[in-house]
Protein chains: 2
Amino acid sequence: VSSQGRTPDARGPGGPTAADAGEFGLIDAILAATAAAAPGGRLDAAQVPIGPGDDAALLALAGPQVLVSTDMLVEGRHFRRDWSEAADIGTRAAAANLADIAAMGGYPRALLVGFGAPPDTPVAWVRELAGALAAEAGTVGAVVIGGDTVAAPQVVLAITVLGEAAPGGPVTRAGARPGDVVAVAGRLGWAAAGLAVLRRGFRSPRAAVNALRRPEPPYAAGPAAALAGARAMIDVSDGLLADLGHLARASGVAVDLDPATLVVDEPVAAVGAALNTDPLDFVLTGGDDHALVACFPSDVALPGGWRRIGRVQVPSGDGAEAVVTVGGVVRSGPTGHRHFTA
Amino acid sequence: VSSQGRTPDARGPGGPTAADAGEFGLIDAILAATAAAAPGGRLDAAQVPIGPGDDAALLALAGPQVLVSTDMLVEGRHFRRDWSEAADIGTRAAAANLADIAAMGGYPRALLVGFGAPPDTPVAWVRELAGALAAEAGTVGAVVIGGDTVAAPQVVLAITVLGEAAPGGPVTRAGARPGDVVAVAGRLGWAAAGLAVLRRGFRSPRAAVNALRRPEPPYAAGPAAALAGARAMIDVSDGLLADLGHLARASGVAVDLDPATLVVDEPVAAVGAALNTDPLDFVLTGGDDHALVACFPSDVALPGGWRRIGRVQVPSGDGAEAVVTVGGVVRSGPTGHRHFTA
């Protein structure tokens with residue numbers, strides 16, 4: 001994973017391109033790759049009575065409510081073809097969407113994949129991406145049921161995920177109450193540390209780089225939190241401080257994190273040491289690991305995989321933006337990454 | 001609608017840009033524009049228990065099955081900002097997706113909108129697009145329940161539509177049988193004629209140009225066909241010959257169109273005369289009007305808005321690609337437009 005090494009794979013010669021295959025040939029390649037990831041090599045007709053290839057797909061749910069979310073990823077902003085292999089990009093794209101359903105305390109059931117790419121994109125590259133995307137979905141029993149392909153100046157992925165809530169209903173961002181325990185499941189700062197490494201042209205520590213390339217969101221922790229009585233939940237995609245800020249504002253509360261519980265994992269610490277930066281910045285402001293953070297009533301035993309990191313408080317009432325503190329102190333600097341800054 | 005006239009609106013000075021507003025400011029602007037299109041200025045909490053702003057939206061359906069489809073539109077390929085105002089682009093994007101649900105014999109219920117744009121895109125332009133998109137959805141009672149915004153080198157729209165099937169279930173492309181009547185609802189060739197006009201730098205006839213800018217798919221004709229017993233259906237987005245070809249191959253049949261019933265509407269005829277081209281080409285190969293074409297048992301009385309244009313036949317069995325004929329003859333030339341041709 002050097003900063004130039006992958007270019008030949010991504011754009012160079014070697015097999016037919018999207019333009020060679022044409023729209024329908026490309027769709028066939030994607031469908032073959034995604035079908036191979038489904039159990040038995042094909043969709044379950046009871047779960048997906050009408051699969052890809054018609055004007056719309058038909059998904060059978062357990063009940064009359066559907067959780068749905070959509071995400072766009074643009075080459076050069078969310079991923080680089082010279083830093084990530086096709087399979088990594090597909091895995092990350094799926095993970096980001098599946099984590100959105102987990103963050104509602106739900107179970108992802110199906111994905112639709114909008115795929116834009118330059119005409120010279122190798123079909124093999126597309127197939128690898130689609131296969132990895134479907135395989136990541138398959139880890140939680142979700143399947144690819146539709147999509148669209150278009151020619152575009154750069155690779156664009158638009159993924160929609162459909163899911164079902166755990167019994168008891170979805171967990172929103174808006175239910176936290178003062179006194180609740182704030183807890184996290186999953187990694188914090190690993191992917192951000194990996195990105196910092198890649199940006200400087202390094203490729204180790206591998207654990208951090210791999211965390212960026214292939215996140216491991218704690219999918220099952222989402223419905224587990226819902227079933228345990230979590231009152232508010234969000235996935236960490238913009239950064240812990242930023243996303244807890246969204247939750248706190250939606251709930252009308254403040255959050256104080258306990259510095260003693262903010263563990264810096266070994267690969268994150270190693271990157272901090274190597275780059276001479278505070279590794280806690282990765283933990284507090286890094287996204288892309290898709291950890292889950294939730295607020296539980298203080299008398300609830302946290303489900304497996306969850307660890308306490310703070311407490312929900314009464315907001316100060318002065319309308320301040322800084323509703324998330326660390327050890328009672330507002331942390332200076334950015335809380336997470338922003339889009340639309342040129 | 002000249003080929004240069006709109007550039008100042010689309011990119012020039014005049015109010016804050018997406019970069020000025022930031023990701024969350026832009027989302028707020030989009031949500032304000034879409035909410036204004038919902039009845040009473042807000043989403044019905046019974047239909048949408050959880051709306052935009054959380055990790056996922058929750059949509060309440062009448063039953064445990066959901067129709068879903070996704071479409072991507074890329075600036076420079078599917079639309080041009082100098083040929084189309086923001087409201088036109090939003091309207092067309094919504095129409096294309098809503099028509100996909102109609103083509104299954106279904107009722108669209110909700111849209112999710114992925115929106116990519118350059119940082120210098122005026123917020124007012126985005127707001128106009130989002131408002132028109134939501135207003136088009138509102139004509140069939142569908143609402144915008146979520147989305148995503150990203151910075152991208154050009155405007156990209158990724159729209160996902162969720163809907164419900166008419167009683168009796170969805171109508172796929174695969175159910176046509178020899179002897180069925182082929183019928184169409186909606187316009188044929190209008191938008192293609194409008195595009196031909198714009199490509200040559202003209203702006204009239206207005207009816208054709210407006211058909212491209214603001215298509216009028218016959219949404220209600222979809223479930224009406226399903227309830228009347230249609231056995232196969234598709235929406236005309238690639239062209240009548242191309243899309244009937246998809247249907248014929250999915251059904252394992254051939255289709256013969258009756259030339260006497262292929263009416264060339266007045267604006268289409270006018271464009272053909274002005275450009276010295278056969279207007280029947282627009283009728284047979286033009287998409288973007290999102291007409292619906294369906295196959296009905298021969299003893300069914302066609303519902304209102306549907307007109308007979310041909311007959312389903314036994315396929316020749318020689319594996320020929322040309323499964324759609326006009327008066328028994330294979331029409332030469334393209335059957336519709338293709339993506340991924342450089």
# chains A, B, ... in the order shown; residues from 1 in each chain; ligands from 1
$ interface_residues --of "chain A" --to "chain B" --cutoff "6 Å" --atoms "only C-alpha atoms" --output "mmCIF file with all heavy atoms, in the first residue's frame"
data_model
loop_
_atom_site.group_PDB
_atom_site.id
_atom_site.type_symbol
_atom_site.label_atom_id
_atom_site.label_comp_id
_atom_site.auth_asym_id
_atom_site.auth_seq_id
_atom_site.Cartn_x
_atom_site.Cartn_y
_atom_site.Cartn_z
ATOM 1 N N ALA A 19 -16.285 0.234 -20.358
ATOM 2 C CA ALA A 19 -16.765 0.599 -21.689
ATOM 3 C C ALA A 19 -16.838 -0.617 -22.608
ATOM 4 O O ALA A 19 -17.774 -0.764 -23.394
ATOM 5 C CB ALA A 19 -15.866 1.673 -22.307
ATOM 6 N N GLY A 22 -19.890 -2.572 -21.535
ATOM 7 C CA GLY A 22 -21.169 -1.894 -21.696
ATOM 8 C C GLY A 22 -21.945 -1.943 -20.396
ATOM 9 O O GLY A 22 -21.602 -2.667 -19.463
ATOM 10 N N GLU A 23 -23.008 -1.153 -20.327
ATOM 11 C CA GLU A 23 -23.789 -1.059 -19.098
ATOM 12 C C GLU A 23 -24.275 -2.438 -18.642
ATOM 13 O O GLU A 23 -24.141 -2.804 -17.482
ATOM 14 C CB GLU A 23 -24.988 -0.124 -19.321
ATOM 15 C CG GLU A 23 -25.857 0.027 -18.087
ATOM 16 C CD GLU A 23 -27.093 0.873 -18.345
ATOM 17 O OE1 GLU A 23 -27.326 1.246 -19.511
ATOM 18 O OE2 GLU A 23 -27.819 1.146 -17.377
ATOM 19 N N ASP A 55 -37.561 -3.399 -12.626
ATOM 20 C CA ASP A 55 -37.569 -1.959 -12.359
ATOM 21 C C ASP A 55 -37.354 -1.660 -10.885
ATOM 22 O O ASP A 55 -36.847 -0.599 -10.529
ATOM 23 C CB ASP A 55 -38.893 -1.354 -12.843
ATOM 24 C CG ASP A 55 -39.005 -1.397 -14.348
ATOM 25 O OD1 ASP A 55 -38.218 -0.698 -15.012
ATOM 26 O OD2 ASP A 55 -39.833 -2.147 -14.864
ATOM 27 N N ALA A 56 -37.759 -2.588 -10.028
ATOM 28 C CA ALA A 56 -37.513 -2.462 -8.593
ATOM 29 C C ALA A 56 -37.381 -3.866 -8.030
ATOM 30 O O ALA A 56 -37.847 -4.833 -8.632
ATOM 31 C CB ALA A 56 -38.652 -1.701 -7.908
ATOM 32 N N ALA A 57 -36.718 -3.966 -6.896
ATOM 33 C CA ALA A 57 -36.642 -5.239 -6.181
ATOM 34 C C ALA A 57 -37.754 -5.286 -5.142
ATOM 35 O O ALA A 57 -38.292 -4.252 -4.738
ATOM 36 C CB ALA A 57 -35.277 -5.382 -5.509
ATOM 37 N N LEU A 58 -38.103 -6.487 -4.718
ATOM 38 C CA LEU A 58 -39.091 -6.655 -3.658
ATOM 39 C C LEU A 58 -38.423 -7.391 -2.512
ATOM 40 O O LEU A 58 -37.888 -8.489 -2.687
ATOM 41 C CB LEU A 58 -40.307 -7.439 -4.165
ATOM 42 C CG LEU A 58 -41.474 -7.550 -3.178
ATOM 43 C CD1 LEU A 58 -42.139 -6.186 -2.955
ATOM 44 C CD2 LEU A 58 -42.514 -8.557 -3.674
ATOM 45 N N LEU A 59 -38.433 -6.757 -1.339
ATOM 46 C CA LEU A 59 -37.830 -7.333 -0.142
ATOM 47 C C LEU A 59 -38.930 -7.674 0.849
ATOM 48 O O LEU A 59 -39.805 -6.848 1.114
ATOM 49 C CB LEU A 59 -36.854 -6.329 0.485
ATOM 50 C CG LEU A 59 -36.168 -6.749 1.791
ATOM 51 C CD1 LEU A 59 -35.181 -7.898 1.558
ATOM 52 C CD2 LEU A 59 -35.453 -5.559 2.428
ATOM 53 N N ALA A 60 -38.886 -8.903 1.354
ATOM 54 C CA ALA A 60 -39.858 -9.331 2.368
ATOM 55 C C ALA A 60 -39.256 -9.133 3.751
ATOM 56 O O ALA A 60 -38.164 -9.618 4.033
ATOM 57 C CB ALA A 60 -40.229 -10.791 2.157
ATOM 58 N N LEU A 61 -39.960 -8.392 4.589
ATOM 59 C CA LEU A 61 -39.522 -8.092 5.944
ATOM 60 C C LEU A 61 -40.371 -8.883 6.936
ATOM 61 O O LEU A 61 -41.389 -9.482 6.560
ATOM 62 C CB LEU A 61 -39.690 -6.596 6.222
ATOM 63 C CG LEU A 61 -38.967 -5.651 5.261
ATOM 64 C CD1 LEU A 61 -39.600 -4.267 5.274
ATOM 65 C CD2 LEU A 61 -37.486 -5.574 5.631
ATOM 66 N N GLY A 63 -41.918 -7.433 9.408
ATOM 67 C CA GLY A 63 -43.041 -6.586 9.783
ATOM 68 C C GLY A 63 -43.146 -5.392 8.864
ATOM 69 O O GLY A 63 -42.347 -5.248 7.927
ATOM 70 N N PRO A 64 -44.127 -4.529 9.122
ATOM 71 C CA PRO A 64 -44.403 -3.426 8.187
ATOM 72 C C PRO A 64 -43.579 -2.166 8.414
ATOM 73 O O PRO A 64 -43.999 -1.092 8.015
ATOM 74 C CB PRO A 64 -45.886 -3.161 8.444
ATOM 75 C CG PRO A 64 -46.065 -3.464 9.884
ATOM 76 C CD PRO A 64 -45.106 -4.592 10.209
ATOM 77 N N GLN A 65 -42.428 -2.284 9.058
ATOM 78 C CA GLN A 65 -41.572 -1.109 9.215
ATOM 79 C C GLN A 65 -40.195 -1.417 8.661
ATOM 80 O O GLN A 65 -39.684 -2.528 8.824
ATOM 81 C CB GLN A 65 -41.455 -0.711 10.686
ATOM 82 C CG GLN A 65 -42.766 -0.158 11.255
ATOM 83 C CD GLN A 65 -42.557 0.581 12.550
ATOM 84 O OE1 GLN A 65 -41.748 0.175 13.370
ATOM 85 N NE2 GLN A 65 -43.275 1.676 12.745
ATOM 86 N N VAL A 66 -39.607 -0.421 8.001
ATOM 87 C CA VAL A 66 -38.292 -0.621 7.410
ATOM 88 C C VAL A 66 -37.374 0.544 7.788
ATOM 89 O O VAL A 66 -37.748 1.713 7.695
ATOM 90 C CB VAL A 66 -38.396 -0.792 5.876
ATOM 91 C CG1 VAL A 66 -39.040 0.413 5.217
ATOM 92 C CG2 VAL A 66 -37.033 -1.072 5.249
ATOM 93 N N LEU A 67 -36.193 0.188 8.291
ATOM 94 C CA LEU A 67 -35.133 1.171 8.516
ATOM 95 C C LEU A 67 -34.382 1.352 7.209
ATOM 96 O O LEU A 67 -34.073 0.375 6.525
ATOM 97 C CB LEU A 67 -34.163 0.675 9.588
ATOM 98 C CG LEU A 67 -34.617 0.748 11.039
ATOM 99 C CD1 LEU A 67 -33.687 -0.091 11.923
ATOM 100 C CD2 LEU A 67 -34.637 2.189 11.528
ATOM 101 N N VAL A 68 -34.059 2.595 6.867
ATOM 102 C CA VAL A 68 -33.379 2.815 5.591
ATOM 103 C C VAL A 68 -32.441 4.014 5.698
ATOM 104 O O VAL A 68 -32.748 5.001 6.370
ATOM 105 C CB VAL A 68 -34.411 2.982 4.448
ATOM 106 C CG1 VAL A 68 -35.342 4.149 4.727
ATOM 107 C CG2 VAL A 68 -33.742 3.136 3.100
ATOM 108 N N SER A 69 -31.281 3.875 5.077
ATOM 109 C CA SER A 69 -30.278 4.929 5.111
ATOM 110 C C SER A 69 -29.489 4.883 3.819
ATOM 111 O O SER A 69 -29.367 3.830 3.189
ATOM 112 C CB SER A 69 -29.354 4.712 6.310
ATOM 113 O OG SER A 69 -28.340 5.687 6.337
ATOM 114 N N THR A 70 -28.943 6.021 3.416
ATOM 115 C CA THR A 70 -28.163 6.072 2.180
ATOM 116 C C THR A 70 -26.880 6.851 2.406
ATOM 117 O O THR A 70 -26.829 7.769 3.228
ATOM 118 C CB THR A 70 -29.026 6.685 1.037
ATOM 119 O OG1 THR A 70 -28.448 6.358 -0.214
ATOM 120 C CG2 THR A 70 -29.146 8.187 1.160
ATOM 121 N N ASP A 71 -25.848 6.448 1.715
ATOM 122 C CA ASP A 71 -24.514 7.037 1.872
ATOM 123 C C ASP A 71 -23.863 7.146 0.506
ATOM 124 O O ASP A 71 -23.960 6.230 -0.298
ATOM 125 C CB ASP A 71 -23.630 6.096 2.699
ATOM 126 C CG ASP A 71 -23.357 6.624 4.081
ATOM 127 O OD1 ASP A 71 -23.507 7.828 4.323
ATOM 128 O OD2 ASP A 71 -22.979 5.810 4.938
ATOM 129 N N ASP A 100 -24.846 2.006 10.030
ATOM 130 C CA ASP A 100 -25.949 2.946 10.257
ATOM 131 C C ASP A 100 -27.194 2.221 10.782
ATOM 132 O O ASP A 100 -27.942 2.765 11.600
ATOM 133 C CB ASP A 100 -26.292 3.692 8.963
ATOM 134 C CG ASP A 100 -25.346 4.856 8.697
ATOM 135 O OD1 ASP A 100 -24.838 5.451 9.672
ATOM 136 O OD2 ASP A 100 -25.119 5.175 7.525
ATOM 137 N N PRO A 119 -15.281 5.120 -17.893
ATOM 138 C CA PRO A 119 -15.404 4.008 -18.848
ATOM 139 C C PRO A 119 -14.170 3.112 -18.914
ATOM 140 O O PRO A 119 -14.281 1.950 -19.288
ATOM 141 C CB PRO A 119 -15.646 4.727 -20.182
ATOM 142 C CG PRO A 119 -16.273 6.025 -19.796
ATOM 143 C CD PRO A 119 -15.626 6.411 -18.504
ATOM 144 N N GLY A 147 -29.450 -2.102 -7.813
ATOM 145 C CA GLY A 147 -28.444 -1.076 -7.994
ATOM 146 C C GLY A 147 -28.596 -0.381 -9.325
ATOM 147 O O GLY A 147 -29.615 -0.495 -10.004
ATOM 148 N N ASP A 148 -27.567 0.371 -9.658
ATOM 149 C CA ASP A 148 -27.552 1.115 -10.915
ATOM 150 C C ASP A 148 -26.093 1.346 -11.279
ATOM 151 O O ASP A 148 -25.241 1.458 -10.401
ATOM 152 C CB ASP A 148 -28.273 2.462 -10.736
ATOM 153 C CG ASP A 148 -28.513 3.173 -12.051
ATOM 154 O OD1 ASP A 148 -28.533 2.515 -13.103
ATOM 155 O OD2 ASP A 148 -28.705 4.407 -12.033
ATOM 156 N N ALA A 151 -21.761 5.845 -16.133
ATOM 157 C CA ALA A 151 -20.421 6.365 -16.390
ATOM 158 C C ALA A 151 -20.274 7.683 -15.642
ATOM 159 O O ALA A 151 -21.194 8.498 -15.610
ATOM 160 C CB ALA A 151 -20.215 6.575 -17.882
ATOM 161 N N HIS A 339 -17.276 17.779 5.685
ATOM 162 C CA HIS A 339 -17.344 17.789 4.229
ATOM 163 C C HIS A 339 -17.547 19.226 3.751
ATOM 164 O O HIS A 339 -17.815 20.114 4.527
ATOM 165 C CB HIS A 339 -18.499 16.918 3.748
ATOM 166 C CG HIS A 339 -18.335 15.483 4.121
ATOM 167 N ND1 HIS A 339 -17.330 14.705 3.625
ATOM 168 C CD2 HIS A 339 -19.037 14.690 4.959
ATOM 169 C CE1 HIS A 339 -17.438 13.488 4.124
ATOM 170 N NE2 HIS A 339 -18.455 13.451 4.940
ATOM 171 N N PHE A 340 -17.449 19.400 2.439
ATOM 172 C CA PHE A 340 -17.744 20.672 1.806
ATOM 173 C C PHE A 340 -16.827 21.793 2.228
ATOM 174 O O PHE A 340 -17.160 22.957 2.111
ATOM 175 C CB PHE A 340 -19.206 21.090 2.012
ATOM 176 C CG PHE A 340 -20.095 20.446 1.021
ATOM 177 C CD1 PHE A 340 -21.042 19.528 1.408
ATOM 178 C CD2 PHE A 340 -19.946 20.728 -0.334
ATOM 179 C CE1 PHE A 340 -21.844 18.914 0.473
ATOM 180 C CE2 PHE A 340 -20.741 20.107 -1.271
ATOM 181 C CZ PHE A 340 -21.700 19.200 -0.870
ATOM 182 N N THR A 341 -15.677 21.452 2.779
ATOM 183 C CA THR A 341 -14.646 22.477 2.933
ATOM 184 C C THR A 341 -13.697 22.255 1.770
ATOM 185 O O THR A 341 -13.209 21.141 1.559
ATOM 186 C CB THR A 341 -13.929 22.314 4.282
ATOM 187 O OG1 THR A 341 -13.601 20.939 4.462
ATOM 188 C CG2 THR A 341 -14.821 22.753 5.417
#
$ select_by_dssp --residues "segment 150-340 of chain A" --states "strand (DSSP E or B)" --output "PyMOL selection string"
chain A and resi 150-151+156-165+181-185+232-235+254-257+292-296+306-313+324-326+329
$ residues_around --residues "segment 329-331 of chain A" --least-positions-apart "6" --cutoff "10 Å" --atoms "only C-alpha atoms" --output "PyMOL selection string"
chain A and resi 241+256-257+281+284+322-323
$ select_by_dssp --residues "segment 135-199 of chain A" --states "helix (DSSP H, G or I)" --output "ChimeraX atom specification"
/A:135-138,190-199
$ residues_around --residues "Gly141 of chain A" --least-positions-apart "4" --cutoff "10 Å" --atoms "only C-alpha atoms" --output "list in words"
Ala38, Pro39, Tyr107, Pro108, Arg109, Ala110, Ala134, Ala135, Glu136 and Ala137 of chain A
$ write_last_selection --atoms "all heavy atoms" --output "PDB file, in the first residue's frame"
ATOM      1  N   ALA A  38     -23.793 -14.568  -1.808  1.00  0.00           N
ATOM      2  CA  ALA A  38     -25.027 -14.979  -1.127  1.00  0.00           C
ATOM      3  C   ALA A  38     -24.950 -16.465  -0.787  1.00  0.00           C
ATOM      4  O   ALA A  38     -24.279 -17.221  -1.486  1.00  0.00           O
ATOM      5  CB  ALA A  38     -26.237 -14.692  -2.013  1.00  0.00           C
ATOM      6  N   PRO A  39     -25.639 -16.867   0.277  1.00  0.00           N
ATOM      7  CA  PRO A  39     -25.595 -18.290   0.643  1.00  0.00           C
ATOM      8  C   PRO A  39     -26.090 -19.149  -0.522  1.00  0.00           C
ATOM      9  O   PRO A  39     -27.140 -18.877  -1.093  1.00  0.00           O
ATOM     10  CB  PRO A  39     -26.547 -18.368   1.838  1.00  0.00           C
ATOM     11  CG  PRO A  39     -26.657 -16.974   2.362  1.00  0.00           C
ATOM     12  CD  PRO A  39     -26.476 -16.077   1.170  1.00  0.00           C
ATOM     13  N   TYR A 107     -31.113  -4.603  12.442  1.00  0.00           N
ATOM     14  CA  TYR A 107     -30.462  -5.667  11.683  1.00  0.00           C
ATOM     15  C   TYR A 107     -30.505  -5.311  10.199  1.00  0.00           C
ATOM     16  O   TYR A 107     -31.589  -5.203   9.630  1.00  0.00           O
ATOM     17  CB  TYR A 107     -31.199  -6.990  11.894  1.00  0.00           C
ATOM     18  CG  TYR A 107     -31.368  -7.385  13.342  1.00  0.00           C
ATOM     19  CD1 TYR A 107     -32.551  -7.088  14.024  1.00  0.00           C
ATOM     20  CD2 TYR A 107     -30.358  -8.044  14.034  1.00  0.00           C
ATOM     21  CE1 TYR A 107     -32.722  -7.454  15.358  1.00  0.00           C
ATOM     22  CE2 TYR A 107     -30.515  -8.409  15.365  1.00  0.00           C
ATOM     23  CZ  TYR A 107     -31.705  -8.109  16.020  1.00  0.00           C
ATOM     24  OH  TYR A 107     -31.857  -8.466  17.331  1.00  0.00           O
ATOM     25  N   PRO A 108     -29.345  -5.129   9.548  1.00  0.00           N
ATOM     26  CA  PRO A 108     -29.355  -4.858   8.109  1.00  0.00           C
ATOM     27  C   PRO A 108     -29.862  -6.082   7.343  1.00  0.00           C
ATOM     28  O   PRO A 108     -29.521  -7.217   7.682  1.00  0.00           O
ATOM     29  CB  PRO A 108     -27.872  -4.608   7.788  1.00  0.00           C
ATOM     30  CG  PRO A 108     -27.182  -4.441   9.102  1.00  0.00           C
ATOM     31  CD  PRO A 108     -27.988  -5.186  10.106  1.00  0.00           C
ATOM     32  N   ARG A 109     -30.700  -5.833   6.346  1.00  0.00           N
ATOM     33  CA  ARG A 109     -31.249  -6.941   5.559  1.00  0.00           C
ATOM     34  C   ARG A 109     -30.836  -6.910   4.096  1.00  0.00           C
ATOM     35  O   ARG A 109     -30.696  -7.964   3.478  1.00  0.00           O
ATOM     36  CB  ARG A 109     -32.791  -6.920   5.627  1.00  0.00           C
ATOM     37  CG  ARG A 109     -33.359  -7.182   6.999  1.00  0.00           C
ATOM     38  CD  ARG A 109     -32.981  -8.557   7.516  1.00  0.00           C
ATOM     39  NE  ARG A 109     -33.665  -8.874   8.768  1.00  0.00           N
ATOM     40  CZ  ARG A 109     -33.115  -9.582   9.749  1.00  0.00           C
ATOM     41  NH1 ARG A 109     -31.867 -10.023   9.653  1.00  0.00           N
ATOM     42  NH2 ARG A 109     -33.794  -9.852  10.834  1.00  0.00           N
ATOM     43  N   ALA A 110     -30.692  -5.707   3.523  1.00  0.00           N
ATOM     44  CA  ALA A 110     -30.440  -5.636   2.079  1.00  0.00           C
ATOM     45  C   ALA A 110     -29.729  -4.341   1.727  1.00  0.00           C
ATOM     46  O   ALA A 110     -29.879  -3.323   2.399  1.00  0.00           O
ATOM     47  CB  ALA A 110     -31.757  -5.731   1.310  1.00  0.00           C
ATOM     48  N   ALA A 134     -20.522  -7.251  -1.160  1.00  0.00           N
ATOM     49  CA  ALA A 134     -21.547  -8.250  -0.862  1.00  0.00           C
ATOM     50  C   ALA A 134     -21.095  -9.198   0.236  1.00  0.00           C
ATOM     51  O   ALA A 134     -21.902  -9.641   1.065  1.00  0.00           O
ATOM     52  CB  ALA A 134     -21.909  -9.021  -2.126  1.00  0.00           C
ATOM     53  N   ALA A 135     -19.801  -9.511   0.256  1.00  0.00           N
ATOM     54  CA  ALA A 135     -19.292 -10.415   1.288  1.00  0.00           C
ATOM     55  C   ALA A 135     -19.387  -9.774   2.667  1.00  0.00           C
ATOM     56  O   ALA A 135     -19.755 -10.430   3.645  1.00  0.00           O
ATOM     57  CB  ALA A 135     -17.846 -10.802   0.984  1.00  0.00           C
ATOM     58  N   GLU A 136     -19.070  -8.459   2.750  1.00  0.00           N
ATOM     59  CA  GLU A 136     -19.201  -7.771   4.040  1.00  0.00           C
ATOM     60  C   GLU A 136     -20.661  -7.777   4.493  1.00  0.00           C
ATOM     61  O   GLU A 136     -20.961  -8.014   5.662  1.00  0.00           O
ATOM     62  CB  GLU A 136     -18.679  -6.335   3.935  1.00  0.00           C
ATOM     63  CG  GLU A 136     -18.747  -5.530   5.225  1.00  0.00           C
ATOM     64  CD  GLU A 136     -17.775  -6.016   6.297  1.00  0.00           C
ATOM     65  OE1 GLU A 136     -16.875  -6.820   5.986  1.00  0.00           O
ATOM     66  OE2 GLU A 136     -17.937  -5.587   7.466  1.00  0.00           O
ATOM     67  N   ALA A 137     -21.575  -7.515   3.555  1.00  0.00           N
ATOM     68  CA  ALA A 137     -22.996  -7.573   3.885  1.00  0.00           C
ATOM     69  C   ALA A 137     -23.375  -8.963   4.385  1.00  0.00           C
ATOM     70  O   ALA A 137     -24.160  -9.111   5.333  1.00  0.00           O
ATOM     71  CB  ALA A 137     -23.834  -7.181   2.671  1.00  0.00           C
TER      72      ALA A 137
END
$ residues_around --residues "Thr325 of chain A" --least-positions-apart "4" --cutoff "12 Å" --atoms "only C-alpha atoms" --output "list in words"
Leu240, Leu241, Ala242, Leu244, Gly245, Ala248, Val253, Ala254, Val255, Asp256, Leu257, Asp258, Pro259, Leu284, Ile309, Gly310, Arg311, Val312, Gln313, Pro315, Ser316, Ala320, Glu321, Val329, Val330, Arg331, Ser332 and Thr335 of chain A
$ atom_distance --atom1 "atom CA of Arg307 of chain A" --atom2 "atom CA of Leu280 of chain A"
17.1 Å
$ residues_around --residues "segment 224-231 of chain A" --least-positions-apart "5" --cutoff "8 Å" --atoms "only C-alpha atoms" --output "PyMOL selection string"
chain A and resi 104-105+166-172+174-177+294-297+300-303
